[in-house]
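Structure first, then comments.
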Amino acid sequence: MNMKEEKFKPNLIVEEMWSHLEKSIKDRNHDFHSAVFTNLDKEGLPSSRTIILRNISKKNKKIVFHSDYRSPKIEEIKKNNKCLLLFYSPVLKIQLRMKVQSTIDYCNEISNTAWDNTKLMSRKCYLTSVAPGEIISSASDNLPDNLKGKEPEKLQSEKGYKNFSVVTNQVQSIDWLFLSSNGNKRILFDYSNNNNSFNWINP
């Protein structure tokens with residue numbers, strides 16, 4: 001087996017994949033720092049948006065991001081928690097499609113710990129007076145006037161906690177795709193029902 005073939009061993013793919021996800025939590029320039037999250041809306045149609053990766057657990061196969069609790073997707077997830085996450089890196093030429101089961105943590109120990117570790121500038125997003133998705137009369141973020149262009153004081157930021165939630169996504173499968181002019185490679189990792197298997201599939 002040559003070096004090019006060696007890099008496509010499933011165990012090495014898994015290690016590299018989760019390593020990049022781990023790095024992307026703190027490296028905002030990493031392509032995996034953001035992803036597309038898709039759930040079904042109240043009409044049963046796919047609804048997608050970009051999320052920021054906040055935490056992962058390779059051991060427990062979990063992907064975590066934060067959300068405004070007032071967002072329509074929260075109630076939608078409660079009704080149907082079978083969702084999708086899509087990561088893509090044009091640098092690595094790697095796409096990750098994850099089937100996940102999502103859960104919401106709100107005003108509990110998990111959300112409290114996450115809030116304590118959230119930077120002031122990120123807390124600012126939860127201080128808006130209007131819920132995400134509501135119709136407004138003009139283009140505005142509806143933040144307090146004294147916060148335009150600056151981060152809040154810690155005491156002021158605490159008012160946003162009532163709008164803060166943690167979305168934890170239990171990974172059921174990962175469809176890994178590597179794009180190359182020398183030949184694409186694709187493998188499906190199955191973690192559902194305590195499974196831990198893989199199958200090479202045609203790209």
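Numbering starts fresh at 1 for the residues of each chain in the structure tokens, the chains themselves are lettered A, B, ... in the order given, and ligands are numbered from 1 as they appear.
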Output as a PyMOL selection string all residues of region 35-118 of chain A that backbone DSSP marks as strand (DSSP E or B). chain A and resi 35-40+46-52+55-57+62-68+82-89+94-105
Env of Asn202 (chain A): 10 Å cut, atoms = only C-alpha atoms, seq-sep filter 3 positions within chain, self excluded. Answer as a PyMOL selection string. chain A and resi 177+184-187+199
Would you export the selected residues with N, CA and C atoms as a PDB file, in the first residue's frame, please?
ATOM      1  N   LEU A 177     -17.031  12.824   1.938  1.00  0.00           N
ATOM      2  CA  LEU A 177     -16.702  12.866   0.514  1.00  0.00           C
ATOM      3  C   LEU A 177     -15.429  13.676   0.314  1.00  0.00           C
ATOM      4  N   ASN A 184     -12.527  10.880  -6.914  1.00  0.00           N
ATOM      5  CA  ASN A 184     -13.233  11.162  -5.663  1.00  0.00           C
ATOM      6  C   ASN A 184     -13.329   9.908  -4.804  1.00  0.00           C
ATOM      7  N   LYS A 185     -13.422  10.129  -3.486  1.00  0.00           N
ATOM      8  CA  LYS A 185     -13.580   9.021  -2.536  1.00  0.00           C
ATOM      9  C   LYS A 185     -14.752   9.344  -1.628  1.00  0.00           C
ATOM     10  N   ARG A 186     -15.533   8.319  -1.295  1.00  0.00           N
ATOM     11  CA  ARG A 186     -16.700   8.536  -0.437  1.00  0.00           C
ATOM     12  C   ARG A 186     -16.911   7.335   0.474  1.00  0.00           C
ATOM     13  N   ILE A 187     -17.192   7.621   1.741  1.00  0.00           N
ATOM     14  CA  ILE A 187     -17.405   6.561   2.716  1.00  0.00           C
ATOM     15  C   ILE A 187     -18.496   6.984   3.688  1.00  0.00           C
ATOM     16  N   ASN A 199     -19.038   1.838   5.298  1.00  0.00           N
ATOM     17  CA  ASN A 199     -19.110   1.232   3.972  1.00  0.00           C
ATOM     18  C   ASN A 199     -18.599   2.228   2.944  1.00  0.00           C
TER      19      ASN A 199
END
Name all residues at most 8 Å from region 15-22 of chain A (count only C-alpha atoms; drop same-chain ones fewer than 3 positions away) and give them as a PDB file with N, CA and C atoms, in the first residue's frame.
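Produced file result17.pdb, reproduced below:
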ATOM      1  N   ASN A  11      -9.928   4.345   9.546  1.00  0.00           N
ATOM      2  CA  ASN A  11      -9.596   4.845  10.882  1.00  0.00           C
ATOM      3  C   ASN A  11      -8.844   6.173  10.817  1.00  0.00           C
ATOM      4  N   LEU A  12      -8.029   6.372   9.780  1.00  0.00           N
ATOM      5  CA  LEU A  12      -7.309   7.632   9.622  1.00  0.00           C
ATOM      6  C   LEU A  12      -8.246   8.745   9.166  1.00  0.00           C
ATOM      7  N   ILE A  25     -13.506  24.752  16.253  1.00  0.00           N
ATOM      8  CA  ILE A  25     -14.259  25.396  17.331  1.00  0.00           C
ATOM      9  C   ILE A  25     -13.639  26.753  17.679  1.00  0.00           C
ATOM     10  N   PHE A  32     -14.653  24.501   8.668  1.00  0.00           N
ATOM     11  CA  PHE A  32     -15.643  23.764   9.442  1.00  0.00           C
ATOM     12  C   PHE A  32     -16.184  24.569  10.628  1.00  0.00           C
ATOM     13  N   HIS A  33     -15.728  25.815  10.784  1.00  0.00           N
ATOM     14  CA  HIS A  33     -16.222  26.645  11.883  1.00  0.00           C
ATOM     15  C   HIS A  33     -17.713  26.942  11.716  1.00  0.00           C
ATOM     16  N   ASN A  55     -19.087  23.388  20.003  1.00  0.00           N
ATOM     17  CA  ASN A  55     -18.454  22.310  20.761  1.00  0.00           C
ATOM     18  C   ASN A  55     -18.683  20.989  20.033  1.00  0.00           C
ATOM     19  N   ILE A  56     -17.820  20.018  20.297  1.00  0.00           N
ATOM     20  CA  ILE A  56     -18.003  18.675  19.752  1.00  0.00           C
ATOM     21  C   ILE A  56     -17.571  17.643  20.791  1.00  0.00           C
ATOM     22  N   LYS A  58     -16.023  13.855  20.149  1.00  0.00           N
ATOM     23  CA  LYS A  58     -15.696  12.730  19.272  1.00  0.00           C
ATOM     24  C   LYS A  58     -16.155  11.423  19.913  1.00  0.00           C
TER      25      LYS A  58
END
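Atom pair CA of Ile110 (chain A) / CA of Tyr88 (chain A) has a distance of 28.1 Å (rounded to one decimal).
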Enter the distance from CA of Asp105 (chain A) to CA of Ser165 (chain A), in Å, rounded to one decimal.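 These two atoms are separated by 5.7 Å.
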Using only C-alpha atoms, find the one residue out of A:Thr50, A:Ser71, A:Asn195, A:Thr103 that sits nearest to Phe37 (chain A).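 Closest candidate: A:Thr50.
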From the DSSP assignment of the backbone, select every residue of region 143-180 of chain A that is alpha helix (DSSP H), and format the answer as a PyMOL selection string. chain A and resi 154-157
Which residues are near Leu143 (chain A)? Cut-off 8 Å, only C-alpha atoms, ignore same chain within fewer than 5 positions. Put them as a ChimeraX atom specification. /A:127-129,148
One-decimal distance in Å that lies between CA of Pro144 (chain A) and CA of Gln156 (chain A):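 If I compute the distance from CA of Gln156 (chain A) to CA of Pro144 (chain A), I get 10.6 Å.
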I'd like the neighbourhood of His66 (chain A) as a list in words, where a residue qualifies if any of its atoms comes within 8 Å (using only C-alpha atoms), though same-chain residues fewer than 6 positions away should be ignored. Ile51, Ile52, Arg54, Phe164, Ser165, Val166 and Val167 of chain A
Output N, CA and C atoms for every residue in the selection just made, as a PDB file, in the first residue's frame.
ATOM      1  N   ILE A  51     -24.931  27.819  10.810  1.00  0.00           N
ATOM      2  CA  ILE A  51     -24.702  27.852  12.264  1.00  0.00           C
ATOM      3  C   ILE A  51     -23.190  27.909  12.521  1.00  0.00           C
ATOM      4  N   ILE A  52     -22.830  28.309  13.729  1.00  0.00           N
ATOM      5  CA  ILE A  52     -21.434  28.340  14.148  1.00  0.00           C
ATOM      6  C   ILE A  52     -21.177  27.201  15.118  1.00  0.00           C
ATOM      7  N   ARG A  54     -19.864  25.268  18.123  1.00  0.00           N
ATOM      8  CA  ARG A  54     -19.458  25.720  19.452  1.00  0.00           C
ATOM      9  C   ARG A  54     -18.754  24.646  20.266  1.00  0.00           C
ATOM     10  N   PHE A 164     -31.371  32.412  25.254  1.00  0.00           N
ATOM     11  CA  PHE A 164     -30.248  31.559  24.847  1.00  0.00           C
ATOM     12  C   PHE A 164     -30.581  30.084  25.007  1.00  0.00           C
ATOM     13  N   SER A 165     -30.179  29.287  24.030  1.00  0.00           N
ATOM     14  CA  SER A 165     -30.352  27.838  24.137  1.00  0.00           C
ATOM     15  C   SER A 165     -29.190  27.116  23.461  1.00  0.00           C
ATOM     16  N   VAL A 166     -29.010  25.878  23.827  1.00  0.00           N
ATOM     17  CA  VAL A 166     -27.964  25.023  23.271  1.00  0.00           C
ATOM     18  C   VAL A 166     -28.620  23.900  22.478  1.00  0.00           C
ATOM     19  N   VAL A 167     -28.164  23.723  21.253  1.00  0.00           N
ATOM     20  CA  VAL A 167     -28.679  22.639  20.408  1.00  0.00           C
ATOM     21  C   VAL A 167     -27.583  21.578  20.290  1.00  0.00           C
TER      22      VAL A 167
END
List as a VMD selection string the protein and nucleic acid residues near Leu96 (chain A), meaning an atom at most 7 Å away when only C-alpha atoms are counted, but skip any in the same chain fewer than 4 places from it. chain A and resid 86 to 88 174 to 177
Close residues, region 98-100 of chain A itself excluded, 10 Å, only C-alpha atoms, min 3 positions apart in chain, as a list in words: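 My reading of the contact set: Phe37, Thr38, Asn39, Lys61, Lys62, Ile63, Asn81, Lys82, Cys83, Leu84, Leu85, Leu86, Phe87, Gln95, Thr103, Thr168, Asn169, Gln170, Val171, Gln172, Ser173, Ile174, Asp175, Trp176, Leu188, Phe189, Asp190, Tyr191 and Ser192 of chain A.
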